[in-house]
Each structure stands twice: as structure tokens, then as C-alpha cells.
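Participant: Sharing a structure here in C-alpha cells format.
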Amino acid sequence: MDSAEGQRGREGGGQRRSPLDVIMNQIRRKRTASDRKPLGRFLSWTSDRKGIPEDGETEGREEERGRSSGAAVAVESERDVGWGRVCVFLQRLGKKVDSRSLNLAHCDLTATDLLELATLLQFLPLLEEVDLSWNELIGGCLAALTSHLQRVGGIRALRLCSCRLNADDVAALGDALVCVPLLEVLDLSWNGGVGGGALQGLLGKLHPTLRELRLVACRLTAADVPALGGMVSALPRLSVLDVSCNPQLAQEVDVGGFRGLTSSLSHAASLTTLRLQACGLTTDSLDALSGSLRCLPSLRELDLSCNKSLAGGLSRLTLHLSHLTQLESLDLHLCCLTHSDLEALIQVLPSLTALTELDVSSNKASGGVVHPLVSALPLTQMRRLPLNSCSLNEESVTAFALAVPYLRGVDVSWCKVVGGRLALLLDALQPSLILELRLSSCALATEDLRHLASVCRRGCLSSLRVLDLSYNGSVGDDGWFALFAAGGLGSLEDVDLSLRPSTSAPCSRWLPALLTALPRLPALTRLALRRWTMGSQDRQQLNHRLRKRSVLLEWDPPNTESAFKATSQESPEDSQSEE
């Protein structure tokens, strides 16, 4: 009875309740108290809504939103954890963290480190530069890294110098280059295993975007020339090609040899820098190279230095140098140039109107043609004209002084005639313009250093960064003291005062002037004092002045000083030969 009445009462009550009450009751029963929304929000819905969603539909949408949010949080969390691993890895190697540049040069990386690095690449999607140079232990296992390069397809510069790469490494790198279509710089220098045919592994793998290809000291031979020529021909944007220090590269000149490489240069119209230093070039090589010069209208730097077999045949090249109207730098140092070679060069110099740097140093014959050489140069725009080891004479020094006012650096090292005549060059210096002054083994006298001190006091060397006065043991204590007491060297970064290995001398008389000058040399990073002897107290004072500064101090250990005779002084007559 009670049950029936109760049922009827509930039914009767239901009939008396409004439809809105029924709906709201159902909603309240379905939802927990914690996630109920205010009634006002429900009542504020606009009339254009198509109705109230079913409970299952509402819950489904909320679950979907929860899953999406959870996935995003998980991805973000994984990314944070990955970046944390990258930071720990780099900090362990003493390197700074940078999402765009990965510099691990000189880190003694092992194969295990390389494997770990490979797994971290996925957390560096913005990476543009990778430098793993000078890690010789990773040679032979580069594939562990290259197999993950698809994770960092935006790489623009890849440097792997001196990593003991072998043919398998080069092949693995070639296979992976398809994943880095934006690569602009590739440097494999100082890897002897790249030569001897291994270079074939890169043929056809480099993208047209490549702008710099450096293969210095890779033991390239004539067998590598076809592959190298093929790569150059396929790189229309190539601007820098450096194959220096490969002495066997030009052994074979004819078809299939060096001539094949020079022929490929006809496809490299964008080339601005060509370096063939110490490549075993001969006069026949110059013939092959000369024919390609007219195809290089943009060339600005040409380095043929350290090719001693060019002697007597430079005219084969100079006949075509006039095509290089944009040439700014020409390096021919240590090429055993003859007087006739230099005369041929002097004839073409007036047509090289863009030239700013010419290096004919370490060629003894250069000392006899300084006057016509200087007369043929566009002096007002010249910045470098080193004449070290050139057997200069008095007339040469006078002629060189005409060029000094325009130069950023003066280098007449190993020219004994400069001693006693340094004032002629110093008085020609343009104030605050000179950056380097190299006077090593010039038989300088005390008076030369006093004149240098007066130039410093006038502020003419306020921008000087490098000062090399090494191997000038004939300078007296008064000269060294005057130099450091003068001041005016606030920009100096590198100074070398070392004596010859066979001599020594005490520096106690002028060292106080150097100690006093050190606070006025805030930019100093290297100080060389080889073979100068000093007492323990002087050593302590010098160490104390440099203790909190990042200055590389080069001196002899105290226990070696007894091996030198403190009274030994160098004289110009006993000095070594100029070359």
C-alpha cells in the first residue's frame, strides 16, 4: 500500500514538475558536484544553439580534448627532457649550448660520444652549423652520425677537419648528404683518408647550394682529380675552393690530370677564392691554369704560394692575369721566383686595378725589384705587401717606405739591412692605421728601439695589434726599457720579444718597465719571452701581474736557464741566414 502510494506519488509529482526541471535534474545526476557549471552559464546560451548535446556526446568531446591536451603535454615534456640531455652532453664537454650551432671541435670525442650525439640530433631541429673538427677518435665510425642527419636537414655548414676519416666515412657522408639540401660549407681538411680515390664517394652527392669546399691536406692525388673536377662542374654557386697542401695533386698535368681540374673551373663562374698552395704546381700546371682564368671573372683571391717548381715560368700565367679584373689578393710567397718571373709580374700589375694584397715574400730575388714593384702597384689601395726574407738592400728599404703609409701591416723580418734604418719606415707610418709590425731578426740596434718608442709616444701605433721583435739580441737594455716606458700600445694583443735558441740574456733591467706597462695593455693575449733569464722574484711579479688575465705567457722553465750563458748576445754577423 505504502509502496504503491509512493509510486503513484512519484509519478504524480513527475506530472506536476515542468519539463525544464526534469532536464536539469538529469544533468545534475549525471555530473558530479565538482564539475557542475553554474546555471547562469546554461541560461545564457543564445537562442541560435541547436540544442543541448546528449550526455554521451559531451563526455566524448571532453575525453577527446583531454587526450589531445595530454598528447601535447607529453610531446612538450619529451622535448624538454631531450633538450635537457643536449645541455648535459654539451656542458660535460665544456661547450656552450646553442640550438643553431654545434661546436665540438677539440673535444676528444670517442665513438661512444658520437653515438650519443646522434641520438640527440632529433632535439636540435634548428641546427645550422656543425663542427666536429680535431676529434681523431671518431674516424671510421662517422656512419653512426650521418645515419641521423635527416633529423637536422637545415644544416648549412659541416666541418670535419682532422677526424681521421677513411673511405668508408666519406662514402657514408656522401650517402647522407641527400638529407641536407641546404648545405653551403663542407670542410674535410686534414683527413689523409679522403685522398687516394675516396673522394669518389662524394661525386654526384653534393647539392648545387654548396658555396665552399675545403680539402686542405687530404693527400689528394691525380686519381682524385676526375672526382674533384666532376664536383666542381656540378656546383654553379661555388665561391671558395681550397685544395692547398696536396703536393701530389698536380703530378699529372695532361688529360685526366690537373688539366681536367682546371677545365672544370669553366663551370665555376662564381668562384671568388682559389687556393692551390703547395700543390706541386709546375710551369706546365700554369699553362693548364692560365686557360681557365678568363672563365673566372669574379675571382678575388688566388693563392699559388709554396710551389717552388714555378721558378722561371711565371710568365705563362701573367700573360692571362689581366682577365682577373676583380683580383684583390695574389699570393706567390716561397715560389723561388726569378728576376725574370718578377719582371713579368711587374708588367701585368698595372692592369690589376683592384689589387690590395700582394705577397712575394720568401723570394730572394724580390729584394732587387722593390722600386719597380712599388711603382707598378695601385699604392693608395694597397693593404699588404710583406717583404720578409727578400734580401732587401738599402735602395729596397727606401723604395718600400713609399708604400708603408697605405699598408695595414709591415713585415720585413729576416732582412738585416733594416737594422739602423728602421726610422725610415717608422716615420712613413700613417697614424692609427698600422695593425701589424713584424721585425723579427732584423739586426735592430738600441737606437732603433728608441725611435720606435718615440713613435709610440706620438700615438702612431695606437691601433697596433701584433708586434714581433724576436731574434734581435743586439738591442741593449735601454732600448727595451724605452719601448715599454713610452706607452701608446693600448690595442696590442700579441708581442714577441724572444731571443734566438742559441742565446740568452737577463731582462732584470727593463722588466720593471714591462711590468708597469702591463695594466696599459688590456688587449694583450700573448707575451713571448723565450730565452730571457730572470730571477725568482721577477718571475713571481710577472706571474702576479698576469694571474687574473687570459694571457699566454711563453718563456723557458727556470731549470733550463742554467743551460744558457747569460752574457751571450746575438750579433748581426753571427745571425742565421735569411731563409
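Note on naming: chains are A, B, ... as they come in the C-alpha cells, residues start from 1 per chain, ligands start from 1 in the order shown.
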Can you pull out every residue within 12 Å of Leu126 (chain A), counting only C-alpha atoms, but drop anything in the same chain fewer than 5 positions away, and send it as a PDB file with C-alpha atoms, in the first residue's frame?
Facilitator:
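Ended up saving to part33.pdb:
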ATOM      1  CA  ASP A  98      73.258  26.822 -28.851  1.00  0.00           C
ATOM      2  CA  SER A  99      70.256  25.472 -30.730  1.00  0.00           C
ATOM      3  CA  ARG A 100      71.645  26.661 -34.080  1.00  0.00           C
ATOM      4  CA  SER A 101      75.372  25.971 -33.761  1.00  0.00           C
ATOM      5  CA  LEU A 102      77.042  22.790 -32.521  1.00  0.00           C
ATOM      6  CA  LEU A 121      70.130  15.400 -33.130  1.00  0.00           C
ATOM      7  CA  ARG A 151      66.887  14.950 -38.251  1.00  0.00           C
ATOM      8  CA  VAL A 152      68.791  18.160 -38.991  1.00  0.00           C
ATOM      9  CA  GLY A 153      68.082  18.824 -42.644  1.00  0.00           C
ATOM     10  CA  GLY A 154      68.667  22.564 -42.222  1.00  0.00           C
ATOM     11  CA  ILE A 155      72.429  22.265 -41.760  1.00  0.00           C
ATOM     12  CA  ARG A 156      74.318  24.865 -43.790  1.00  0.00           C
TER      13      ARG A 156
END
Participant: Looking only at the backbone, which of the residues in region 281-412 of chain A does DSSP tag as alpha helix (DSSP H), as a ChimeraX atom specification?
Facilitator: /A:283-290,315-318,339-348,370-376,394-400
Participant: Report as a list of chain:residue names all protein, DNA and RNA residues lying within 8 Å of Gly197 (chain A), evaluated on only C-alpha atoms, omitting residues in the same chain fewer than 3 positions from it.
Facilitator: A:Val194, A:Gln200, A:Ala223, A:Asp224
Participant: Identify, on the basis of only C-alpha atoms, every residue whose closest approach to Val495 (chain A) does not exceed 7 Å; exclude the query and any residue fewer than 5 positions from it along the same chain; express the result as a list in words.
Facilitator: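 My list of contacting residues is Val466, Leu467, Asp468, Arg526, Leu527 and Ala528 of chain A.
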Participant: Set the distance at 12 Å and use only C-alpha atoms: which residues neighbour Gln91 (chain A) once local chain neighbours fewer than 6 positions away are removed? I'd like the list as a PyMOL selection string.
Facilitator: chain A and resi 84-85+97-98+103-104+107
Participant: Which residues are near region 191-193 of chain A? Cut-off 10 Å, only C-alpha atoms, ignore same chain within fewer than 4 positions. Put them as a list of chain:residue names.
Facilitator: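 These residues fall inside the cut-off: A:Trp134, A:Glu136, A:Gly139, A:Leu160, A:Cys161, A:Ser162, A:Cys163, A:Arg164, A:Leu165, A:Asn166, A:Ala167, A:Asp168, A:Asp169, A:Val170, A:Asp187, A:Gly197, A:Ala198, A:Leu199, A:Leu215, A:Val216, A:Ala217, A:Cys218, A:Arg219, A:Leu220, A:Asn246.
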Participant: Restrict the selected residues to N, CA and C atoms and save them as a CSV table (one decimal), in the first residue's frame.
Facilitator:
chain,number,residue,atom,x,y,z
A,134,TRP,N,89.0,18.1,-35.4
A,134,TRP,CA,90.1,17.8,-34.5
A,134,TRP,C,89.6,16.8,-33.4
A,136,GLU,N,90.1,13.0,-33.5
A,136,GLU,CA,90.6,12.0,-34.4
A,136,GLU,C,90.1,10.6,-34.0
A,139,GLY,N,87.2,8.8,-36.3
A,139,GLY,CA,87.4,8.2,-37.7
A,139,GLY,C,87.0,6.8,-37.7
A,160,LEU,N,84.5,18.9,-40.6
A,160,LEU,CA,85.0,17.6,-40.1
A,160,LEU,C,86.5,17.5,-40.3
A,161,CYS,N,87.3,18.6,-40.0
A,161,CYS,CA,88.7,18.6,-40.2
A,161,CYS,C,89.4,17.7,-39.2
A,162,SER,N,90.5,17.1,-39.7
A,162,SER,CA,91.3,16.2,-38.8
A,162,SER,C,90.6,15.3,-37.9
A,163,CYS,N,89.7,14.5,-38.5
A,163,CYS,CA,89.0,13.5,-37.8
A,163,CYS,C,89.4,12.0,-38.2
A,164,ARG,N,90.5,11.9,-38.9
A,164,ARG,CA,91.0,10.6,-39.4
A,164,ARG,C,89.9,9.9,-40.2
A,165,LEU,N,89.2,10.6,-41.0
A,165,LEU,CA,88.2,10.0,-41.8
A,165,LEU,C,88.8,9.0,-42.9
A,166,ASN,N,88.1,7.9,-43.1
A,166,ASN,CA,88.6,7.0,-44.2
A,166,ASN,C,87.6,6.9,-45.3
A,167,ALA,N,87.8,6.0,-46.2
A,167,ALA,CA,87.0,5.9,-47.4
A,167,ALA,C,85.5,5.5,-47.0
A,168,ASP,N,85.4,4.7,-46.0
A,168,ASP,CA,84.0,4.3,-45.6
A,168,ASP,C,83.3,5.5,-45.0
A,169,ASP,N,84.0,6.4,-44.2
A,169,ASP,CA,83.4,7.6,-43.7
A,169,ASP,C,83.0,8.5,-44.8
A,170,VAL,N,83.8,8.7,-45.8
A,170,VAL,CA,83.5,9.6,-46.9
A,170,VAL,C,82.2,9.0,-47.7
A,187,ASP,N,83.9,21.2,-45.1
A,187,ASP,CA,85.3,21.3,-44.8
A,187,ASP,C,85.8,19.9,-44.3
A,197,GLY,N,91.4,8.2,-53.9
A,197,GLY,CA,90.2,7.6,-54.6
A,197,GLY,C,89.0,7.7,-53.8
A,198,ALA,N,89.1,8.0,-52.4
A,198,ALA,CA,87.9,8.0,-51.6
A,198,ALA,C,87.0,9.2,-51.9
A,199,LEU,N,87.5,10.2,-52.5
A,199,LEU,CA,86.7,11.4,-52.9
A,199,LEU,C,85.6,11.0,-53.8
A,215,LEU,N,89.4,21.2,-48.9
A,215,LEU,CA,90.0,19.8,-48.9
A,215,LEU,C,91.6,20.0,-48.7
A,216,VAL,N,91.9,20.8,-47.7
A,216,VAL,CA,93.3,21.0,-47.4
A,216,VAL,C,94.0,19.8,-46.8
A,217,ALA,N,95.2,19.5,-47.3
A,217,ALA,CA,96.0,18.4,-46.8
A,217,ALA,C,95.2,17.1,-46.7
A,218,CYS,N,94.6,16.7,-47.7
A,218,CYS,CA,93.8,15.4,-47.8
A,218,CYS,C,94.5,14.3,-48.6
A,219,ARG,N,95.8,14.6,-48.9
A,219,ARG,CA,96.5,13.6,-49.7
A,219,ARG,C,95.9,13.3,-51.0
A,220,LEU,N,95.3,14.3,-51.6
A,220,LEU,CA,94.7,14.2,-52.9
A,220,LEU,C,95.8,13.9,-54.0
A,246,ASN,N,98.3,19.7,-50.9
A,246,ASN,CA,98.2,18.4,-51.6
A,246,ASN,C,99.2,18.3,-52.6
Participant: Considering only C-alpha atoms, return as a ChimeraX atom specification whatever protein or nucleic-acid residues lie within 10 Å of Leu358 (chain A), sequence-local ones (same chain, fewer than 3 positions apart) excluded.
Facilitator: /A:328-333,349,355,361,377,382-387
Participant: Atoms to include: N, CA and C atoms. Write the selected residues as a short mmCIF file (atom, residue, chain, number, x, y, z; two decimals), in the first residue's frame.
Facilitator:
data_model
loop_
_atom_site.label_atom_id
_atom_site.label_comp_id
_atom_site.auth_asym_id
_atom_site.auth_seq_id
_atom_site.Cartn_x
_atom_site.Cartn_y
_atom_site.Cartn_z
N GLU A 328 91.89 40.81 -55.91
CA GLU A 328 92.30 41.65 -54.79
C GLU A 328 93.55 41.12 -54.09
N SER A 329 93.74 39.79 -54.11
CA SER A 329 94.86 39.20 -53.39
C SER A 329 95.57 38.17 -54.27
N LEU A 330 96.90 38.32 -54.39
CA LEU A 330 97.72 37.39 -55.16
C LEU A 330 98.89 36.97 -54.27
N ASP A 331 98.97 35.66 -54.00
CA ASP A 331 99.99 35.14 -53.09
C ASP A 331 100.96 34.26 -53.86
N LEU A 332 102.23 34.70 -53.88
CA LEU A 332 103.28 33.96 -54.58
C LEU A 332 104.50 33.78 -53.67
N HIS A 333 104.28 33.74 -52.39
CA HIS A 333 105.43 33.63 -51.49
C HIS A 333 106.02 32.21 -51.54
N LEU A 349 100.96 44.09 -63.37
CA LEU A 349 100.38 44.71 -62.19
C LEU A 349 99.51 45.93 -62.49
N LEU A 355 93.70 45.24 -56.99
CA LEU A 355 94.64 44.57 -56.09
C LEU A 355 94.87 45.36 -54.81
N SER A 361 106.94 37.49 -50.71
CA SER A 361 107.96 37.29 -49.68
C SER A 361 108.60 35.91 -49.81
N LEU A 377 102.33 49.19 -58.55
CA LEU A 377 101.17 48.87 -57.73
C LEU A 377 100.23 50.07 -57.55
N MET A 382 96.57 49.67 -51.58
CA MET A 382 97.31 48.52 -51.08
C MET A 382 97.20 48.43 -49.56
N ARG A 383 97.01 47.19 -49.07
CA ARG A 383 96.90 46.96 -47.63
C ARG A 383 97.97 46.00 -47.10
N ARG A 384 98.46 45.10 -47.95
CA ARG A 384 99.50 44.15 -47.53
C ARG A 384 100.55 44.01 -48.63
N LEU A 385 101.82 44.13 -48.23
CA LEU A 385 102.93 43.90 -49.13
C LEU A 385 104.11 43.38 -48.32
N PRO A 386 104.01 42.15 -47.79
CA PRO A 386 105.09 41.60 -46.97
C PRO A 386 106.35 41.36 -47.80
N LEU A 387 107.49 41.73 -47.23
CA LEU A 387 108.77 41.55 -47.91
C LEU A 387 109.77 40.84 -47.00
#
Participant: Separation of CA of Val253 (chain A) and CA of Pro208 (chain A), in Å?
Facilitator: 27.3 Å
Participant: Quick one: distance from CA of Leu117 (chain A) to CA of Gly204 (chain A) in Å, one decimal?
Facilitator: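 Value for the CA of Leu117 (chain A)-CA of Gly204 (chain A) distance: 27.4 Å.
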Participant: So how far away is CA of Leu249 (chain A) from CA of Leu324 (chain A), in Å?
Facilitator: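 Pair CA of Leu324 (chain A) / CA of Leu249 (chain A) returns 23.9 Å.
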Participant: Among the residues of region 283-329 of chain A, find those DSSP assigns to strand (DSSP E or B) from the backbone and print them as number ranges by chain.
Facilitator: A: 301-303, 329
Participant: Would you mind exporting the chosen residues as a short mmCIF file (atom, residue, chain, number, x, y, z; two decimals), in the first residue's frame, restricted to N, CA and C atoms?
Facilitator:
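Dumped everything to again-v6.cif:
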data_model
loop_
_atom_site.label_atom_id
_atom_site.label_comp_id
_atom_site.auth_asym_id
_atom_site.auth_seq_id
_atom_site.Cartn_x
_atom_site.Cartn_y
_atom_site.Cartn_z
N GLU A 301 90.69 36.19 -54.94
CA GLU A 301 91.88 35.71 -54.24
C GLU A 301 92.46 34.51 -54.98
N LEU A 302 93.75 34.59 -55.30
CA LEU A 302 94.46 33.49 -55.96
C LEU A 302 95.73 33.21 -55.19
N ASP A 303 95.82 31.99 -54.66
CA ASP A 303 96.97 31.60 -53.84
C ASP A 303 97.72 30.47 -54.53
N SER A 329 93.74 39.79 -54.11
CA SER A 329 94.86 39.20 -53.39
C SER A 329 95.57 38.17 -54.27
#
Participant: Using only C-alpha atoms, can you tell me which of A:Leu202, A:Leu461, A:Leu115, A:Leu497 comes closest to Arg408 (chain A)?
Facilitator: A:Leu461
Participant: So, counting only C-alpha atoms, which residue among A:Met534, A:Val370, A:Leu235, A:Leu499 is closest to Pro512 (chain A)?
Facilitator: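 Residue with the minimum atom-to-atom distance to Pro512 (chain A): A:Met534.
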Participant: Sort by chain and increasing residue number a table of all residues of region 421-448 of chain A within 10 Å of region 453-456 of chain A, each with its closest pair of atoms and their distance in Å to one decimal, counting only C-alpha atoms, and write it as a tab-separated table.
Facilitator:
residue	atom	partner	partner_atom	distance
A:Ala423	CA	A:Val455	CA	9.3
A:Leu426	CA	A:Val455	CA	7.2
A:Asp427	CA	A:Val455	CA	7.8
A:Leu429	CA	A:Val455	CA	9.1
A:Pro431	CA	A:Val455	CA	9.2
A:Glu447	CA	A:Ala453	CA	9.7
A:Asp448	CA	A:Ala453	CA	8.7
